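Asks: The structure file my_file06.pdb (PDB, C-alpha atoms) is provided below.
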```pdb
ATOM      1  CA  MET H  57     118.806 105.840  85.816
ATOM      2  CA  PHE H  58     117.634 106.243  89.390
ATOM      3  CA  ALA H  59     119.727 105.741  92.515
ATOM      4  CA  ILE H  60     117.883 103.965  95.326
ATOM      5  CA  THR H  61     119.166 104.048  98.886
ATOM      6  CA  GLY H  62     117.741 101.696 101.492
ATOM      7  CA  VAL H  63     117.270  99.159  98.723
ATOM      8  CA  THR H  64     117.743  96.192 101.058
ATOM      9  CA  GLY H  65     114.744  97.326 103.145
ATOM     10  CA  LYS H  66     111.048  96.913 102.443
ATOM     11  CA  VAL H  67     110.345 100.403 101.110
ATOM     12  CA  GLY H  68     113.551 100.914  99.149
ATOM     13  CA  GLY H  69     113.339  97.429  97.701
ATOM     14  CA  ALA H  70     109.746  97.978  96.617
ATOM     15  CA  VAL H  71     110.685 101.293  94.969
ATOM     16  CA  ALA H  72     113.490  99.586  93.042
ATOM     17  CA  ARG H  73     111.236  96.727  91.921
ATOM     18  CA  SER H  74     108.555  99.169  90.798
ATOM     19  CA  LEU H  75     111.045 101.099  88.667
ATOM     20  CA  LEU H  76     112.510  97.908  87.196
ATOM     21  CA  ALA H  77     108.991  96.780  86.264
ATOM     22  CA  GLN H  78     108.621 100.042  84.339
ATOM     23  CA  GLY H  79     111.777  99.272  82.394
ATOM     24  CA  GLN H  80     113.794 101.928  84.203
ATOM     25  CA  GLU H  81     117.488 101.584  85.001
ATOM     26  CA  VAL H  82     118.254 101.355  88.706
ATOM     27  CA  ARG H  83     121.424 101.896  90.695
ATOM     28  CA  ALA H  84     121.144 100.065  94.012
ATOM     29  CA  VAL H  85     123.069 101.837  96.766
ATOM     30  CA  VAL H  86     124.241  99.302  99.350
ATOM     31  CA  ARG H  87     126.733  99.216 102.214
ATOM     32  CA  ASP H  88     128.739  96.288 100.826
ATOM     33  CA  ALA H  89     128.990  94.254  97.659
ATOM     34  CA  GLU H  90     127.398  91.153  99.177
ATOM     35  CA  LYS H  91     124.173  93.063  99.892
ATOM     36  CA  GLY H  92     124.067  94.165  96.271
ATOM     37  CA  ARG H  93     124.515  90.721  94.754
ATOM     38  CA  SER H  94     120.794  89.914  94.431
ATOM     39  CA  TRP H  95     120.124  93.316  92.883
ATOM     40  CA  SER H  96     122.939  92.873  90.402
ATOM     41  CA  THR H  97     121.316  89.656  89.172
ATOM     42  CA  GLN H  98     118.143  91.682  88.539
ATOM     43  CA  GLY H  99     120.055  94.027  86.251
ATOM     44  CA  CYS H 100     120.809  96.846  88.666
ATOM     45  CA  ASP H 101     123.969  98.893  88.687
ATOM     46  CA  ILE H 102     125.572  98.658  92.149
ATOM     47  CA  ALA H 103     127.077 101.501  94.180
ATOM     48  CA  ILE H 104     128.769 101.005  97.551
ATOM     49  CA  ALA H 105     128.131 103.745 100.116
ATOM     50  CA  SER H 106     126.684 104.480 103.533
ATOM     51  CA  VAL H 107     124.788 107.639 104.460
ATOM     52  CA  GLU H 108     127.873 109.022 106.232
ATOM     53  CA  ASP H 109     130.132 108.446 103.205
ATOM     54  CA  ALA H 110     130.085 111.630 101.131
ATOM     55  CA  THR H 111     132.586 110.287  98.596
ATOM     56  CA  GLY H 112     130.688 107.054  98.052
ATOM     57  CA  LEU H 113     127.341 108.842  97.832
ATOM     58  CA  THR H 114     128.746 111.293  95.305
ATOM     59  CA  LYS H 115     129.667 108.408  93.022
ATOM     60  CA  ALA H 116     126.282 106.767  93.630
ATOM     61  CA  PHE H 117     124.312 109.933  92.816
ATOM     62  CA  ARG H 118     126.362 111.095  89.826
ATOM     63  CA  GLY H 119     124.639 110.949  86.440
ATOM     64  CA  VAL H 120     121.192 109.876  87.689
ATOM     65  CA  GLU H 121     117.804 111.360  86.932
ATOM     66  CA  GLY H 122     116.740 111.068  90.524
ATOM     67  CA  VAL H 123     117.622 109.739  93.956
ATOM     68  CA  PHE H 124     115.303 107.960  96.349
ATOM     69  CA  LEU H 125     116.751 108.870  99.713
ATOM     70  CA  MET H 126     116.229 106.974 102.931
ATOM     71  CA  THR H 127     118.164 107.481 106.143
ATOM     72  CA  PRO H 128     118.575 104.615 108.634
ATOM     73  CA  PRO H 129     116.119 104.869 111.532
ATOM     74  CA  ASP H 130     117.732 105.932 114.804
ATOM     75  CA  TYR H 131     115.367 104.768 117.521
ATOM     76  CA  ASP H 132     117.790 105.628 120.321
ATOM     77  CA  PRO H 133     119.488 108.883 119.324
ATOM     78  CA  GLU H 134     122.068 110.739 121.347
ATOM     79  CA  PRO H 135     120.852 114.155 122.550
ATOM     80  CA  GLY H 136     120.815 116.597 119.649
ATOM     81  CA  PHE H 137     120.764 113.832 117.013
ATOM     82  CA  PRO H 138     124.506 114.073 116.182
ATOM     83  CA  GLU H 139     124.476 111.018 113.884
ATOM     84  CA  THR H 140     121.591 112.450 111.871
ATOM     85  CA  HIS H 141     123.411 115.781 111.483
ATOM     86  CA  LYS H 142     126.563 113.934 110.420
ATOM     87  CA  ALA H 143     124.668 111.970 107.778
ATOM     88  CA  ALA H 144     122.821 115.080 106.576
ATOM     89  CA  ALA H 145     126.115 116.887 106.019
ATOM     90  CA  ALA H 146     127.520 113.976 104.010
ATOM     91  CA  ILE H 147     124.354 113.684 101.917
ATOM     92  CA  ARG H 148     124.337 117.414 101.216
ATOM     93  CA  GLN H 149     127.971 117.327 100.120
ATOM     94  CA  ALA H 150     127.220 114.414  97.791
ATOM     95  CA  ILE H 151     124.158 116.085  96.280
ATOM     96  CA  GLU H 152     126.003 119.317  95.563
ATOM     97  CA  ALA H 153     128.960 117.458  94.039
ATOM     98  CA  SER H 154     126.911 115.071  91.883
ATOM     99  CA  ARG H 155     123.854 117.222  91.076
ATOM    100  CA  PRO H 156     121.233 114.503  90.481
ATOM    101  CA  GLY H 157     118.085 115.569  88.646
ATOM    102  CA  LYS H 158     115.940 115.403  91.796
ATOM    103  CA  VAL H 159     115.742 113.873  95.262
ATOM    104  CA  VAL H 160     112.715 112.105  96.742
ATOM    105  CA  PHE H 161     113.200 111.746 100.485
ATOM    106  CA  LEU H 162     111.176 109.272 102.534
ATOM    107  CA  SER H 163     110.196 111.564 105.383
ATOM    108  CA  THR H 164     107.376 111.182 107.890
ATOM    109  CA  VAL H 165     104.155 112.636 109.147
ATOM    110  CA  GLY H 166     105.125 115.187 111.795
ATOM    111  CA  ALA H 167     108.487 116.065 110.243
ATOM    112  CA  HIS H 168     107.527 119.737 110.428
ATOM    113  CA  VAL H 169     106.909 119.639 114.193
ATOM    114  CA  ALA H 170     109.383 121.595 116.336
ATOM    115  CA  GLU H 171     108.537 119.770 119.590
ATOM    116  CA  PRO H 172     111.464 117.469 120.472
ATOM    117  CA  ASN H 173     110.637 113.875 119.520
ATOM    118  CA  LEU H 174     112.018 110.969 117.508
ATOM    119  CA  LEU H 175     110.685 112.319 114.207
ATOM    120  CA  ASN H 176     113.101 115.257 114.435
ATOM    121  CA  ASN H 177     115.409 112.888 112.520
ATOM    122  CA  SER H 178     113.369 113.594 109.396
ATOM    123  CA  LYS H 179     113.011 117.293 110.209
ATOM    124  CA  ILE H 180     116.801 117.644 110.210
ATOM    125  CA  THR H 181     117.123 115.918 106.834
ATOM    126  CA  GLU H 182     114.281 117.964 105.337
ATOM    127  CA  GLU H 183     115.963 121.184 106.462
ATOM    128  CA  MET H 184     119.222 120.069 104.861
ATOM    129  CA  LEU H 185     117.497 119.258 101.567
ATOM    130  CA  ARG H 186     115.853 122.686 101.499
ATOM    131  CA  SER H 187     119.344 124.167 101.319
ATOM    132  CA  THR H 188     120.470 122.138  98.298
ATOM    133  CA  SER H 189     120.412 123.276  94.688
ATOM    134  CA  VAL H 190     118.361 120.371  93.285
ATOM    135  CA  PRO H 191     114.577 119.814  93.305
ATOM    136  CA  ALA H 192     113.471 117.888  96.384
ATOM    137  CA  ALA H 193     110.250 116.145  97.374
ATOM    138  CA  PHE H 194     109.468 115.134 100.929
ATOM    139  CA  LEU H 195     107.305 112.024 100.965
ATOM    140  CA  ARG H 196     105.800 112.361 104.442
ATOM    141  CA  ALA H 197     104.421 108.909 105.107
ATOM    142  CA  ALA H 198     101.978 108.113 107.896
ATOM    143  CA  TRP H 199     102.490 105.428 110.560
ATOM    144  CA  PHE H 200     103.377 102.206 108.720
ATOM    145  CA  MET H 201     100.548  99.665 108.805
ATOM    146  CA  GLU H 202     103.227  96.979 108.710
ATOM    147  CA  ASN H 203     104.291  97.963 112.237
ATOM    148  CA  VAL H 204     101.493  95.612 113.327
ATOM    149  CA  ALA H 205     103.815  92.715 112.437
ATOM    150  CA  TRP H 206     105.204  93.063 115.967
ATOM    151  CA  ASP H 207     101.717  92.378 117.364
ATOM    152  CA  VAL H 208     100.778  89.213 115.495
ATOM    153  CA  GLU H 209     102.278  86.840 118.063
ATOM    154  CA  ALA H 210     100.487  88.588 120.940
ATOM    155  CA  ALA H 211      97.248  88.650 118.943
ATOM    156  CA  ARG H 212      97.311  84.867 118.645
ATOM    157  CA  LYS H 213      97.140  84.829 122.457
ATOM    158  CA  GLY H 214      94.205  87.245 122.472
ATOM    159  CA  VAL H 215      95.667  90.497 123.867
ATOM    160  CA  VAL H 216      97.745  93.135 122.049
ATOM    161  CA  PRO H 217      99.609  95.605 124.310
ATOM    162  CA  SER H 218      99.255  99.073 122.819
ATOM    163  CA  PHE H 219     101.140 102.347 123.148
ATOM    164  CA  LEU H 220      98.537 103.985 120.905
ATOM    165  CA  GLN H 221      96.088 105.525 123.351
ATOM    166  CA  PRO H 222      93.231 106.148 123.956
ATOM    167  CA  LEU H 223      92.465 102.832 122.321
ATOM    168  CA  ASP H 224      89.775 104.388 120.130
ATOM    169  CA  HIS H 225      91.964 107.312 118.986
ATOM    170  CA  ARG H 226      92.563 107.075 115.230
ATOM    171  CA  ILE H 227      95.836 108.130 113.587
ATOM    172  CA  PRO H 228      96.999 108.254 109.963
ATOM    173  CA  MET H 229      98.453 104.980 108.688
ATOM    174  CA  VAL H 230      99.707 103.839 105.292
ATOM    175  CA  ALA H 231     100.896 100.634 103.632
ATOM    176  CA  VAL H 232     104.504 100.173 102.490
ATOM    177  CA  ARG H 233     103.255  99.231  99.030
ATOM    178  CA  ASP H 234     101.544 102.586  98.614
ATOM    179  CA  ILE H 235     104.607 104.465  99.841
ATOM    180  CA  ALA H 236     106.802 102.706  97.296
ATOM    181  CA  LEU H 237     104.422 103.231  94.387
ATOM    182  CA  THR H 238     104.101 106.924  95.237
ATOM    183  CA  ALA H 239     107.884 107.300  95.478
ATOM    184  CA  ALA H 240     108.373 105.664  92.074
ATOM    185  CA  GLU H 241     105.727 107.969  90.625
ATOM    186  CA  LEU H 242     107.437 111.042  92.060
ATOM    187  CA  LEU H 243     110.800 110.009  90.645
ATOM    188  CA  ASN H 244     109.232 110.107  87.189
ATOM    189  CA  GLU H 245     107.834 113.623  87.694
ATOM    190  CA  THR H 246     109.467 116.998  87.080
ATOM    191  CA  TRP H 247     109.254 120.035  89.352
ATOM    192  CA  THR H 248     111.329 122.888  90.693
ATOM    193  CA  GLY H 249     112.117 123.794  94.266
ATOM    194  CA  VAL H 250     110.771 121.847  97.243
ATOM    195  CA  ARG H 251     107.447 120.054  97.611
ATOM    196  CA  ALA H 252     105.863 117.950 100.345
ATOM    197  CA  ILE H 253     103.482 115.047  99.712
ATOM    198  CA  GLU H 254     101.671 113.850 102.835
ATOM    199  CA  LEU H 255     100.519 110.267 102.399
ATOM    200  CA  GLU H 256      98.053 108.066 104.277
ATOM    201  CA  GLY H 257      95.659 105.189 103.679
ATOM    202  CA  PRO H 258      91.958 105.389 102.807
ATOM    203  CA  ARG H 259      90.972 106.076 106.428
ATOM    204  CA  ARG H 260      92.478 106.402 109.884
ATOM    205  CA  TYR H 261      92.793 103.590 112.391
ATOM    206  CA  SER H 262      92.983 103.108 116.153
ATOM    207  CA  ALA H 263      94.425 100.421 118.424
ATOM    208  CA  ASN H 264      90.905  98.995 118.688
ATOM    209  CA  ASP H 265      90.669  98.892 114.897
ATOM    210  CA  ILE H 266      93.942  96.955 114.769
ATOM    211  CA  ALA H 267      92.655  94.457 117.346
ATOM    212  CA  ALA H 268      89.354  94.049 115.512
ATOM    213  CA  GLY H 269      91.168  93.496 112.229
ATOM    214  CA  LEU H 270      93.465  90.893 113.749
ATOM    215  CA  SER H 271      90.476  89.194 115.341
ATOM    216  CA  ALA H 272      88.774  88.926 111.952
ATOM    217  CA  VAL H 273      91.868  87.584 110.207
ATOM    218  CA  LEU H 274      92.759  85.122 112.962
ATOM    219  CA  GLU H 275      89.113  84.176 113.495
ATOM    220  CA  SER H 276      89.567  84.426 117.267
ATOM    221  CA  PRO H 277      88.917  87.186 119.814
ATOM    222  CA  VAL H 278      91.615  89.838 120.080
ATOM    223  CA  ARG H 279      91.540  92.956 122.218
ATOM    224  CA  ALA H 280      93.909  95.872 122.668
ATOM    225  CA  GLU H 281      95.221  96.697 126.122
ATOM    226  CA  ALA H 282      96.854 100.049 126.889
ATOM    227  CA  VAL H 283     100.378  99.912 128.311
ATOM    228  CA  PRO H 284     100.348 102.366 131.261
ATOM    229  CA  HIS H 285     102.295 105.501 130.361
ATOM    230  CA  ASP H 286     104.229 105.488 133.631
ATOM    231  CA  GLN H 287     105.733 102.126 132.641
ATOM    232  CA  TRP H 288     107.049 103.188 129.235
ATOM    233  CA  GLU H 289     110.438 104.534 130.261
ATOM    234  CA  THR H 290     111.291 101.519 132.422
ATOM    235  CA  LEU H 291     110.127  99.153 129.672
ATOM    236  CA  PHE H 292     112.124 100.866 126.923
ATOM    237  CA  ARG H 293     115.237 100.999 129.098
ATOM    238  CA  SER H 294     114.874  97.284 129.877
ATOM    239  CA  GLN H 295     114.940  96.698 126.106
ATOM    240  CA  GLY H 296     118.309  98.460 125.875
ATOM    241  CA  THR H 297     117.234 102.000 125.015
ATOM    242  CA  LYS H 298     119.589 104.555 126.558
ATOM    243  CA  ASN H 299     117.613 107.690 125.664
ATOM    244  CA  PRO H 300     113.912 106.743 125.536
ATOM    245  CA  MET H 301     112.428 110.234 125.777
ATOM    246  CA  PRO H 302     112.423 111.023 122.005
ATOM    247  CA  ARG H 303     110.499 107.796 121.352
ATOM    248  CA  ILE H 304     108.094 108.469 124.220
ATOM    249  CA  ARG H 305     107.420 111.993 122.988
ATOM    250  CA  MET H 306     106.817 110.720 119.459
ATOM    251  CA  ILE H 307     104.129 108.331 120.685
ATOM    252  CA  ASP H 308     102.712 111.110 122.861
ATOM    253  CA  GLY H 309     102.504 113.258 119.743
ATOM    254  CA  PHE H 310     100.403 110.712 117.889
ATOM    255  CA  ASN H 311      98.216 110.115 120.922
ATOM    256  CA  GLU H 312      97.732 113.796 121.719
ATOM    257  CA  GLY H 313      97.252 114.821 118.094
ATOM    258  CA  TRP H 314     100.147 117.224 117.661
ATOM    259  CA  ILE H 315     101.866 114.812 115.315
ATOM    260  CA  ASP H 316      99.747 114.931 112.191
ATOM    261  CA  PHE H 317     100.099 116.244 108.672
ATOM    262  CA  GLU H 318     101.115 119.861 108.260
ATOM    263  CA  SER H 319      98.400 120.353 105.644
ATOM    264  CA  GLY H 320      95.763 118.501 107.684
ATOM    265  CA  GLU H 321      93.791 115.340 107.012
ATOM    266  CA  ALA H 322      91.617 117.002 104.386
ATOM    267  CA  ASN H 323      94.642 117.803 102.210
ATOM    268  CA  SER H 324      96.661 114.604 102.548
ATOM    269  CA  ARG H 325      96.963 112.186  99.661
ATOM    270  CA  LYS H 326      94.849 109.088 100.274
ATOM    271  CA  GLU H 327      95.932 105.710  98.963
ATOM    272  CA  ARG H 328      93.819 102.571  98.565
ATOM    273  CA  THR H 329      95.429  99.804 100.593
ATOM    274  CA  THR H 330      93.425  99.125 103.740
ATOM    275  CA  LEU H 331      94.699  98.024 107.132
ATOM    276  CA  GLU H 332      92.642  94.846 106.749
ATOM    277  CA  ALA H 333      94.525  93.899 103.575
ATOM    278  CA  VAL H 334      97.876  94.469 105.265
ATOM    279  CA  LEU H 335      96.839  92.433 108.315
ATOM    280  CA  ARG H 336      95.882  89.483 106.134
ATOM    281  CA  SER H 337      99.252  89.625 104.434
ATOM    282  CA  LEU H 338     101.127  89.886 107.740
ATOM    283  CA  VAL H 339      99.316  86.929 109.288
ATOM    284  CA  ALA H 340      99.786  84.832 106.143
ATOM    285  CA  SER H 341     103.518  85.559 106.126
ATOM    286  CA  ASN H 342     103.883  84.791 109.856
ATOM    287  CA  PRO H 343     101.904  81.565 110.257
ATOM    288  CA  ASN H 344     103.910  80.342 113.245
ATOM    289  CA  SER H 345     104.436  83.600 115.118
TER     290      SER H 345
END
```
Just dump the structure as structure tokens.
Replies:
Amino acid sequence: MFAITGVTGKVGGAVARSLLAQGQEVRAVVRDAEKGRSWSTQGCDIAIASVEDATGLTKAFRGVEGVFLMTPPDYDPEPGFPETHKAAAAIRQAIEASRPGKVVFLSTVGAHVAEPNLLNNSKITEEMLRSTSVPAAFLRAAWFMENVAWDVEAARKGVVPSFLQPLDHRIPMVAVRDIALTAAELLNETWTGVRAIELEGPRRYSANDIAAGLSAVLESPVRAEAVPHDQWETLFRSQGTKNPMPRIRMIDGFNEGWIDFESGEANSRKERTTLEAVLRSLVASNPNS
């Protein structure tokens, strides 16, 4: 049996479905029973726990071959990431008490970077997992191609505002489907110690590539337009963000190139799903956006 956290999200749900398709037993870890109802009907065992609940996580992780670990994204962290540290401590306590066979953690490109930025969330969790007594794999996924879902409505009007700059600067991206399939594969593997798998799509993409892809799918002209950097903080604060600097520095890192894979592009694992395929799926699933 495998315990899957984040099962109600796109990645966690896809990991669970992939394992079920293989005939594996799955324990869906959810915050409340209602969220687990649909997974129970699919034959999953249900465990109730949040990432701050060491007791609940211990029960969820006990007796399983492996855990797929996701931590909730914190896009507006307090200085020092106190909530991430709190969750990391609870997860560590649960792992040591339950001793699952292995842990596969959905981390991120740039998790190794010391420069303060939003991705330090994953760095903190990686460092915690290094101190545990069970085998751990860090699945360092590139920028999600599905993030473009936020741009489909603007693309229908012809202009997509972009924080990715310069507009022709390409960064690593990957599809959720490929992340989930890789995670399921890792859960079925055996290793000792800690390993990192850095995952991206078949090639890198820029803001201009996104616009061109949307233009092709929508069959109408679409162009990317850079959002001036000096407007970012005001914009993010107007959206309710109290501490926008970690997010700003994360985007800076992608744009300036210091957020990339620790092992470099040549050594990352390349998956097959293209940005174009993801864009077609996004537009088809959002016909009225």
Asks: Rank H:Ala150, H:Leu274, H:Val204, H:Leu237 by their smallest atom-to-atom distance to Leu220 in chain H, using only C-alpha atoms, and report the top residue only.
Replies: H:Val204
Asks: At what distance in Å, to one decimal, does CA of Ala267 in chain H lie from CA of Val71 in chain H?
Replies: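 According to the coordinates, CA of Val71 in chain H and CA of Ala267 in chain H are separated by 29.5 Å.
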Asks: Would you kindly return, as an MDAnalysis selection string, each protein, DNA or RNA residue with an atom no farther than 8 Å from any atom of range 190-201 of chain H, considering only C-alpha atoms and excluding same-chain residues fewer than 5 positions away?
Replies: chainID H and resid 151 155:167 182 185 227:232 235 239 242 247:256 331 334
Asks: What does the distance between CA of Asn311 in chain H and CA of Phe292 in chain H come to in Å, to one decimal place?
Replies: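 These atoms are spaced 17.7 Å apart.
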Asks: What gap, in Å, lies between CA of Val278 in chain H and CA of Val216 in chain H?
Replies: 7.2 Å
Asks: H:Asn173, H:Val107, H:Ser189, H:Leu338: which is nearest Asn203 in chain H, counting all atoms listed in the file?
Replies: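 Smallest separation from Asn203 in chain H among the options: H:Leu338.
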Asks: Go through the shown structure with the PyMOL selection byres ((chain H and resi 127) around 8) and write out the matching residues as a list of chain:residue names.
Replies: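 Output from the PyMOL selection byres ((chain H and resi 127) around 8), applied to this file: H:Gly62, H:Val107, H:Leu125, H:Met126, H:Pro128, H:Pro129.
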Asks: Take the selection from the previous step and output its residues with C-alpha atoms, as a PDB file, in the coordinates of the input.
Replies:
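Below is the file part03.pdb, written as the result:
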```pdb
ATOM      1  CA  GLY H  62     117.741 101.696 101.492  1.00  0.00           C
ATOM      2  CA  VAL H 107     124.788 107.639 104.460  1.00  0.00           C
ATOM      3  CA  LEU H 125     116.751 108.870  99.713  1.00  0.00           C
ATOM      4  CA  MET H 126     116.229 106.974 102.931  1.00  0.00           C
ATOM      5  CA  PRO H 128     118.575 104.615 108.634  1.00  0.00           C
ATOM      6  CA  PRO H 129     116.119 104.869 111.532  1.00  0.00           C
TER       7      PRO H 129
END
```
Asks: Between H:Glu318, H:Arg118, H:Arg336, H:Ala59, which has the minimum distance to Cys100 in chain H (counting only C-alpha atoms)?
Replies: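 Between H:Glu318, H:Arg118, H:Arg336, H:Ala59, the residue approaching Cys100 in chain H most closely is H:Ala59.
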Asks: When distances are computed from all atoms listed in the file, which of H:Gly92, H:Pro172, H:Gly257, H:Gly136 shows the smallest separation from Ser324 in chain H?
Replies: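 Between H:Gly92, H:Pro172, H:Gly257, H:Gly136, the residue approaching Ser324 in chain H most closely is H:Gly257.
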Asks: Would you pull range 272-283 of chain H out of the block just shown and save N, CA, C and O atoms as a PDB file, in the first residue's frame?
Replies:
```pdb
ATOM      1  N   ALA H 272      -1.730  29.312 -31.874  1.00  0.00           N
ATOM      2  CA  ALA H 272      -1.999  28.177 -32.758  1.00  0.00           C
ATOM      3  C   ALA H 272      -3.256  27.422 -32.335  1.00  0.00           C
ATOM      4  O   ALA H 272      -4.081  27.037 -33.170  1.00  0.00           O
ATOM      5  N   VAL H 273      -3.408  27.231 -31.023  1.00  0.00           N
ATOM      6  CA  VAL H 273      -4.560  26.480 -30.527  1.00  0.00           C
ATOM      7  C   VAL H 273      -5.855  27.276 -30.703  1.00  0.00           C
ATOM      8  O   VAL H 273      -6.895  26.728 -31.092  1.00  0.00           O
ATOM      9  N   LEU H 274      -5.788  28.574 -30.417  1.00  0.00           N
ATOM     10  CA  LEU H 274      -6.979  29.412 -30.510  1.00  0.00           C
ATOM     11  C   LEU H 274      -7.270  29.873 -31.938  1.00  0.00           C
ATOM     12  O   LEU H 274      -8.341  30.418 -32.219  1.00  0.00           O
ATOM     13  N   GLU H 275      -6.281  29.690 -32.803  1.00  0.00           N
ATOM     14  CA  GLU H 275      -6.386  30.109 -34.203  1.00  0.00           C
ATOM     15  C   GLU H 275      -6.669  31.604 -34.306  1.00  0.00           C
ATOM     16  O   GLU H 275      -7.490  32.055 -35.115  1.00  0.00           O
ATOM     17  N   SER H 276      -5.989  32.374 -33.448  1.00  0.00           N
ATOM     18  CA  SER H 276      -6.075  33.834 -33.481  1.00  0.00           C
ATOM     19  C   SER H 276      -4.781  34.396 -32.910  1.00  0.00           C
ATOM     20  O   SER H 276      -4.114  33.737 -32.103  1.00  0.00           O
ATOM     21  N   PRO H 277      -4.398  35.604 -33.311  1.00  0.00           N
ATOM     22  CA  PRO H 277      -3.112  36.153 -32.870  1.00  0.00           C
ATOM     23  C   PRO H 277      -3.061  36.349 -31.354  1.00  0.00           C
ATOM     24  O   PRO H 277      -4.004  36.878 -30.756  1.00  0.00           O
ATOM     25  N   VAL H 278      -1.962  35.927 -30.771  1.00  0.00           N
ATOM     26  CA  VAL H 278      -1.714  36.130 -29.346  1.00  0.00           C
ATOM     27  C   VAL H 278      -0.262  36.559 -29.182  1.00  0.00           C
ATOM     28  O   VAL H 278       0.632  35.974 -29.787  1.00  0.00           O
ATOM     29  N   ARG H 279      -0.046  37.587 -28.375  1.00  0.00           N
ATOM     30  CA  ARG H 279       1.325  37.998 -28.089  1.00  0.00           C
ATOM     31  C   ARG H 279       1.519  38.137 -26.588  1.00  0.00           C
ATOM     32  O   ARG H 279       0.566  38.391 -25.837  1.00  0.00           O
ATOM     33  N   ALA H 280       2.759  37.951 -26.160  1.00  0.00           N
ATOM     34  CA  ALA H 280       3.107  38.143 -24.754  1.00  0.00           C
ATOM     35  C   ALA H 280       3.544  39.582 -24.541  1.00  0.00           C
ATOM     36  O   ALA H 280       4.169  40.183 -25.417  1.00  0.00           O
ATOM     37  N   GLU H 281       3.210  40.111 -23.379  1.00  0.00           N
ATOM     38  CA  GLU H 281       3.588  41.483 -23.037  1.00  0.00           C
ATOM     39  C   GLU H 281       4.167  41.485 -21.624  1.00  0.00           C
ATOM     40  O   GLU H 281       3.508  41.055 -20.677  1.00  0.00           O
ATOM     41  N   ALA H 282       5.409  41.941 -21.490  1.00  0.00           N
ATOM     42  CA  ALA H 282       6.080  41.925 -20.193  1.00  0.00           C
ATOM     43  C   ALA H 282       5.429  42.888 -19.215  1.00  0.00           C
ATOM     44  O   ALA H 282       5.163  44.046 -19.549  1.00  0.00           O
ATOM     45  N   VAL H 283       5.158  42.403 -18.003  1.00  0.00           N
ATOM     46  CA  VAL H 283       4.675  43.269 -16.926  1.00  0.00           C
ATOM     47  C   VAL H 283       5.897  43.966 -16.334  1.00  0.00           C
ATOM     48  O   VAL H 283       6.814  43.299 -15.868  1.00  0.00           O
TER      49      VAL H 283
END
```
